[in-house]
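Participant: Provided below: entry26.cif, containing mmCIF, C-alpha atoms and all ligand atoms.
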```cif
data_protein
loop_
_atom_site.group_PDB
_atom_site.id
_atom_site.type_symbol
_atom_site.label_atom_id
_atom_site.label_comp_id
_atom_site.auth_asym_id
_atom_site.auth_seq_id
_atom_site.Cartn_x
_atom_site.Cartn_y
_atom_site.Cartn_z
ATOM 1 C CA MET I 646 0.000 0.000 0.000
ATOM 2 C CA TYR I 647 1.221 3.441 -0.729
ATOM 3 C CA TYR I 648 0.325 6.709 0.868
ATOM 4 C CA ARG I 649 0.398 9.933 -0.990
ATOM 5 C CA ASN I 650 2.535 12.476 0.698
ATOM 6 C CA THR I 651 0.106 15.264 1.310
ATOM 7 C CA ILE I 652 2.414 17.262 3.546
ATOM 8 C CA ASP I 653 5.032 18.132 0.944
ATOM 9 C CA LYS I 654 2.459 18.890 -1.667
ATOM 10 C CA GLN I 655 1.038 22.357 -1.548
ATOM 11 C CA PRO I 656 -2.334 22.264 -3.194
ATOM 12 C CA MET I 657 -2.903 25.986 -2.736
ATOM 13 C CA PRO I 658 -1.414 27.739 -5.716
ATOM 14 C CA ILE I 659 -3.929 30.552 -5.616
ATOM 15 C CA ARG I 660 -2.490 33.313 -3.503
ATOM 16 C CA GLU I 661 -4.224 36.175 -1.777
ATOM 17 C CA ILE I 662 -4.089 39.447 -3.686
ATOM 18 C CA ILE I 663 -3.325 42.277 -1.292
ATOM 19 C CA ARG I 664 -5.151 45.576 -1.636
ATOM 20 C CA MET I 665 -4.369 49.261 -1.533
ATOM 21 C CA GLY I 666 -3.377 50.189 2.004
ATOM 22 C CA HIS I 667 -1.115 47.161 2.407
ATOM 23 C CA PRO I 668 2.428 48.545 2.790
ATOM 24 C CA THR I 669 4.022 46.010 0.419
ATOM 25 C CA LEU I 670 2.233 47.686 -2.497
ATOM 26 C CA ARG I 671 4.174 50.869 -1.730
ATOM 27 C CA GLU I 672 7.663 49.380 -1.496
ATOM 28 C CA LYS I 673 10.277 49.325 -4.193
ATOM 29 C CA ALA I 674 10.585 45.622 -4.919
ATOM 30 C CA ALA I 675 13.992 43.971 -4.627
ATOM 31 C CA LEU I 676 15.942 42.784 -7.663
ATOM 32 C CA VAL I 677 15.828 39.038 -8.240
ATOM 33 C CA ASP I 678 19.176 37.258 -8.000
ATOM 34 C CA PRO I 679 19.408 35.626 -11.457
ATOM 35 C CA LYS I 680 20.947 32.533 -9.870
ATOM 36 C CA THR I 681 17.663 31.811 -8.074
ATOM 37 C CA ILE I 682 15.446 31.958 -11.184
ATOM 38 C CA LYS I 683 15.739 28.266 -12.032
ATOM 39 C CA THR I 684 15.097 27.043 -8.504
ATOM 40 C CA LYS I 685 11.975 25.063 -7.805
ATOM 41 C CA ASP I 686 10.726 27.675 -5.342
ATOM 42 C CA PHE I 687 11.015 30.517 -7.818
ATOM 43 C CA GLN I 688 9.444 28.536 -10.653
ATOM 44 C CA SER I 689 6.502 27.550 -8.464
ATOM 45 C CA LEU I 690 6.069 31.156 -7.402
ATOM 46 C CA ILE I 691 5.637 32.028 -11.093
ATOM 47 C CA ASP I 692 3.159 29.165 -11.508
ATOM 48 C CA ASP I 693 1.227 30.381 -8.469
ATOM 49 C CA MET I 694 1.060 33.847 -9.958
ATOM 50 C CA VAL I 695 -0.349 32.491 -13.212
ATOM 51 C CA GLU I 696 -3.019 30.532 -11.313
ATOM 52 C CA THR I 697 -3.834 33.537 -9.168
ATOM 53 C CA MET I 698 -4.106 35.838 -12.187
ATOM 54 C CA HIS I 699 -6.424 33.411 -13.971
ATOM 55 C CA ASP I 700 -8.558 32.977 -10.871
ATOM 56 C CA ALA I 701 -8.907 36.748 -10.527
ATOM 57 C CA GLU I 702 -9.496 37.160 -14.281
ATOM 58 C CA GLY I 703 -6.761 39.755 -14.611
ATOM 59 C CA ILE I 704 -4.464 40.166 -17.584
ATOM 60 C CA GLY I 705 -1.425 40.824 -15.464
ATOM 61 C CA LEU I 706 -0.095 40.399 -11.955
ATOM 62 C CA ALA I 707 2.983 41.698 -10.185
ATOM 63 C CA ALA I 708 4.650 39.789 -7.347
ATOM 64 C CA PRO I 709 4.091 42.622 -4.813
ATOM 65 C CA GLN I 710 0.351 42.107 -5.349
ATOM 66 C CA ILE I 711 0.705 38.732 -3.640
ATOM 67 C CA ASP I 712 2.953 40.249 -0.980
ATOM 68 C CA GLU I 713 6.240 39.163 -2.571
ATOM 69 C CA SER I 714 8.337 42.286 -2.841
ATOM 70 C CA ILE I 715 10.531 41.241 -5.769
ATOM 71 C CA GLN I 716 10.987 42.428 -9.359
ATOM 72 C CA LEU I 717 8.715 39.872 -10.997
ATOM 73 C CA ALA I 718 5.532 40.443 -12.997
ATOM 74 C CA ILE I 719 3.527 38.459 -15.506
ATOM 75 C CA ILE I 720 1.245 39.573 -18.321
ATOM 76 C CA GLU I 721 -0.934 37.399 -20.471
ATOM 77 C CA PHE I 722 -1.331 38.538 -24.041
ATOM 78 C CA ASP I 723 -3.982 37.102 -26.303
ATOM 79 C CA GLN I 724 -2.673 36.357 -29.780
ATOM 80 C CA GLU I 725 -6.238 35.759 -30.989
ATOM 81 C CA ASN I 726 -7.319 39.242 -30.019
ATOM 82 C CA ASP I 727 -5.791 42.182 -31.881
ATOM 83 C CA ARG I 728 -6.027 44.358 -28.835
ATOM 84 C CA TYR I 729 -3.971 42.003 -26.668
ATOM 85 C CA LYS I 730 -1.556 40.756 -29.295
ATOM 86 C CA ILE I 731 2.157 41.274 -28.789
ATOM 87 C CA GLU I 732 4.672 41.253 -31.613
ATOM 88 C CA ASN I 733 6.866 38.378 -30.424
ATOM 89 C CA GLY I 734 3.873 36.035 -30.524
ATOM 90 C CA GLN I 735 4.132 34.974 -26.886
ATOM 91 C CA SER I 736 1.009 34.681 -24.823
ATOM 92 C CA LEU I 737 2.448 34.660 -21.315
ATOM 93 C CA VAL I 738 5.379 36.950 -20.665
ATOM 94 C CA VAL I 739 7.286 36.686 -17.391
ATOM 95 C CA PHE I 740 9.219 39.861 -16.610
ATOM 96 C CA ILE I 741 12.089 39.542 -14.138
ATOM 97 C CA ASN I 742 14.162 42.623 -13.218
ATOM 98 C CA PRO I 743 12.538 44.646 -16.027
ATOM 99 C CA GLU I 744 13.752 48.021 -17.245
ATOM 100 C CA ILE I 745 11.432 50.249 -19.238
ATOM 101 C CA HIS I 746 12.709 52.540 -21.969
ATOM 102 C CA ILE I 747 10.395 55.132 -23.454
ATOM 103 C CA LEU I 748 10.833 55.200 -27.238
ATOM 104 C CA GLY I 749 8.335 57.858 -28.318
ATOM 105 C CA GLU I 750 6.897 61.153 -27.155
ATOM 106 C CA ASP I 751 3.271 60.218 -27.800
ATOM 107 C CA SER I 752 1.005 59.565 -24.831
ATOM 108 C CA ALA I 753 -2.547 58.292 -24.651
ATOM 109 C CA SER I 754 -4.998 57.767 -21.828
ATOM 110 C CA TYR I 755 -6.950 54.684 -20.919
ATOM 111 C CA TRP I 756 -9.257 53.822 -18.051
ATOM 112 C CA GLU I 757 -7.313 51.431 -15.874
ATOM 113 C CA GLY I 758 -8.361 49.006 -13.194
ATOM 114 C CA CYS I 759 -6.279 47.056 -10.737
ATOM 115 C CA LEU I 760 -6.796 43.820 -8.821
ATOM 116 C CA SER I 761 -5.312 45.592 -5.780
ATOM 117 C CA VAL I 762 -7.771 48.483 -6.110
ATOM 118 C CA PRO I 763 -10.923 46.484 -6.792
ATOM 119 C CA GLY I 764 -14.137 48.035 -7.992
ATOM 120 C CA LEU I 765 -12.648 51.217 -9.416
ATOM 121 C CA ARG I 766 -11.560 52.591 -12.757
ATOM 122 C CA GLY I 767 -9.282 55.563 -13.270
ATOM 123 C CA LYS I 768 -7.989 57.403 -16.282
ATOM 124 C CA VAL I 769 -4.226 57.507 -16.745
ATOM 125 C CA SER I 770 -2.085 58.948 -19.506
ATOM 126 C CA ARG I 771 1.089 57.062 -20.416
ATOM 127 C CA PRO I 772 3.726 56.938 -23.173
ATOM 128 C CA GLN I 773 2.602 54.705 -26.027
ATOM 129 C CA HIS I 774 5.833 53.307 -27.354
ATOM 130 C CA ILE I 775 8.181 51.474 -25.043
ATOM 131 C CA ARG I 776 10.818 48.786 -24.910
ATOM 132 C CA VAL I 777 11.325 46.547 -21.908
ATOM 133 C CA ASP I 778 14.561 44.701 -21.216
ATOM 134 C CA TYR I 779 14.127 41.841 -18.775
ATOM 135 C CA LEU I 780 15.023 38.278 -17.870
ATOM 136 C CA ASP I 781 12.567 35.526 -18.751
ATOM 137 C CA ARG I 782 11.708 32.532 -16.560
ATOM 138 C CA ASP I 783 14.718 30.649 -17.895
ATOM 139 C CA GLY I 784 16.963 33.534 -16.861
ATOM 140 C CA ASN I 785 17.643 34.609 -20.446
ATOM 141 C CA ALA I 786 17.899 38.293 -21.335
ATOM 142 C CA GLN I 787 14.976 39.409 -23.495
ATOM 143 C CA SER I 788 13.664 42.592 -24.980
ATOM 144 C CA ILE I 789 10.131 43.388 -26.006
ATOM 145 C CA GLU I 790 8.684 46.410 -27.760
ATOM 146 C CA ALA I 791 5.093 47.496 -27.235
ATOM 147 C CA LYS I 792 2.865 50.223 -28.603
ATOM 148 C CA GLY I 793 -0.506 51.684 -27.721
ATOM 149 C CA PHE I 794 -2.755 49.868 -25.305
ATOM 150 C CA LEU I 795 -0.199 47.141 -24.556
ATOM 151 C CA ALA I 796 2.398 49.766 -23.684
ATOM 152 C CA THR I 797 -0.083 51.003 -21.095
ATOM 153 C CA VAL I 798 -0.752 47.493 -19.749
ATOM 154 C CA ILE I 799 2.954 46.806 -19.320
ATOM 155 C CA GLN I 800 3.649 50.142 -17.625
ATOM 156 C CA HIS I 801 0.770 49.636 -15.207
ATOM 157 C CA GLU I 802 2.126 46.221 -14.237
ATOM 158 C CA LEU I 803 5.747 47.240 -13.915
ATOM 159 C CA ASP I 804 4.793 50.313 -11.848
ATOM 160 C CA HIS I 805 3.831 47.827 -9.125
ATOM 161 C CA LEU I 806 7.518 46.919 -8.835
ATOM 162 C CA ASN I 807 8.272 50.506 -7.861
ATOM 163 C CA GLY I 808 5.496 50.872 -5.316
ATOM 164 C CA THR I 809 3.331 52.902 -7.693
ATOM 165 C CA LEU I 810 -0.402 52.415 -8.207
ATOM 166 C CA TYR I 811 -2.361 53.824 -11.138
ATOM 167 C CA ILE I 812 -4.290 56.113 -8.838
ATOM 168 C CA ASP I 813 -1.019 58.048 -8.291
ATOM 169 C CA LYS I 814 -1.079 58.983 -11.969
ATOM 170 C CA LEU I 815 -4.699 59.925 -12.652
ATOM 171 C CA THR I 816 -5.126 62.556 -15.353
ATOM 172 C CA SER I 817 -7.307 64.323 -12.777
ATOM 173 C CA PRO I 818 -8.610 63.386 -9.312
ATOM 174 C CA GLN I 819 -12.036 63.527 -10.961
ATOM 175 C CA ASP I 820 -11.101 60.754 -13.376
ATOM 176 C CA LEU I 821 -11.845 58.006 -10.871
ATOM 177 C CA ALA I 822 -15.103 56.059 -10.770
ATOM 178 C CA TYR I 823 -16.700 52.884 -9.514
ATOM 179 C CA VAL I 824 -16.927 50.177 -12.160
ATOM 180 C CA GLU I 825 -20.736 50.304 -12.267
ATOM 181 C CA GLU I 826 -20.873 54.076 -12.656
ATOM 182 C CA PHE I 827 -18.023 53.890 -15.139
ATOM 183 C CA SER I 828 -20.075 51.528 -17.296
ATOM 184 C CA GLN I 829 -23.248 53.553 -16.841
ATOM 185 C CA PHE I 830 -21.979 57.073 -17.397
ATOM 186 C CA ILE I 831 -18.439 57.110 -18.726
ATOM 187 C CA ALA I 832 -17.744 54.137 -20.979
ATOM 188 C CA LYS I 833 -20.474 55.221 -23.376
ATOM 189 C CA VAL I 834 -19.073 58.676 -23.918
ATOM 190 C CA ASP I 835 -15.356 58.128 -23.454
ATOM 191 C CA ASP I 836 -13.167 55.761 -25.442
ATOM 192 C CA ASP I 837 -14.265 52.412 -24.141
ATOM 193 C CA GLN I 838 -10.705 51.463 -23.274
ATOM 194 C CA SER I 839 -10.314 49.886 -19.931
ATOM 195 C CA ILE I 840 -7.939 47.341 -18.528
ATOM 196 C CA ASP I 841 -7.873 45.274 -15.386
ATOM 197 C CA ASP I 842 -4.575 44.181 -13.946
HETATM 198 ZN ZN ZN I 901 -2.448 46.758 -10.830
#
```
Can you turn what I pasted into structure tokens?
Facilitator:
Amino acid sequence: MYYRNTIDKQPMPIREIIRMGHPTLREKAALVDPKTIKTKDFQSLIDDMVETMHDAEGIGLAAPQIDESIQLAIIEFDQENDRYKIENGQSLVVFINPEIHILGEDSASYWEGCLSVPGLRGKVSRPQHIRVDYLDRDGNAQSIEAKGFLATVIQHELDHLNGTLYIDKLTSPQDLAYVEEFSQFIAKVDDDQSIDD
């Protein structure tokens, strides 16, 4: 007879997403030591983040949002959907120790949402052409270029690694609304561009 070892297994990959007010969301996250990237612990942390993001129906998640103050964030692009398509054809991008470079002067505003600021939408203006240099989950150096909406999504996510929330960058304090009121009064008249991550 054989007993499954239920102690070593950790059947709880979905992690709690911390919310605005939790101090970890305001810290500058620590750089990841590249030597640790291939460890089992680090790889399962990434897997947990993917599960947690799917469970919360977000398109991105940064490690500080699950109370891990390190330079790690994930974004899921959708190659079937023009709006969420990224040029390198990848669907899930794991950003470790990312550095953003702004490539163009143009900015655009979108209504953003955040799993750590649930129930709200706020309008933020951001540069629309960026490049990000980062390490992937195998520890290899990568570079990705993004324009438009995806440039906004990436900047929102990577801001979490610097202790910044989108509400710090509202185009105006008046450009903040509850999701229901946003849908009722704002989405119809403004560009219906909102994100949730
Ligand atoms: Zn967020």
Participant: Could you tell me which residues the PyMOL selection byres (((chain I and resi 805) around 9) and not hetatm) returns for this structure, as a PyMOL selection string?
Facilitator: chain I and resi 670-674+706-710+716+718+800-804+806-811
Participant: Spell out the residues picked by the PyMOL selection byres (((not hetatm)) within 6 of (chain I and resi 901)) here, as a list in words.
Facilitator: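 When the PyMOL selection byres (((not hetatm)) within 6 of (chain I and resi 901)) is applied to the shown file, the picked residues are Cys759, Leu760, Ser761, Glu802 and Asp842 of chain I.
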Participant: Taking 4 positions as the minimum chain separation for residues in the same chain, which residues sit within 7 Å of I:Ile745 when counting all atoms listed in the file? Answer as a list in words.
Facilitator: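 With the cut-off at 7 Å, the set is Ile775, Arg776, Val777 and Asp778 of chain I.
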Participant: Can you measure atom CA of I:Thr684 to atom CA of I:Ile720 for me? One decimal in Å is fine.
Facilitator: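 These atoms are spaced 21.1 Å apart.
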Participant: Can you give me, as a list of chain:residue names, the residues this file yields under the PyMOL selection byres (((chain I and resi 824) around 12) and not hetatm)?
Facilitator: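 Listing what the PyMOL selection byres (((chain I and resi 824) around 12) and not hetatm) selects in the shown file: I:Trp756, I:Glu757, I:Gly758, I:Cys759, I:Val762, I:Pro763, I:Gly764, I:Leu765, I:Arg766, I:Gly767, I:Leu821, I:Ala822, I:Tyr823, I:Glu825, I:Glu826, I:Phe827, I:Ser828, I:Gln829, I:Phe830, I:Ile831, I:Ala832, I:Ser839, I:Ile840, I:Asp841.
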Participant: Which distance in Å separates atom CA of I:Phe740 and atom CA of I:Leu780, to one decimal?
Facilitator: 6.1 Å
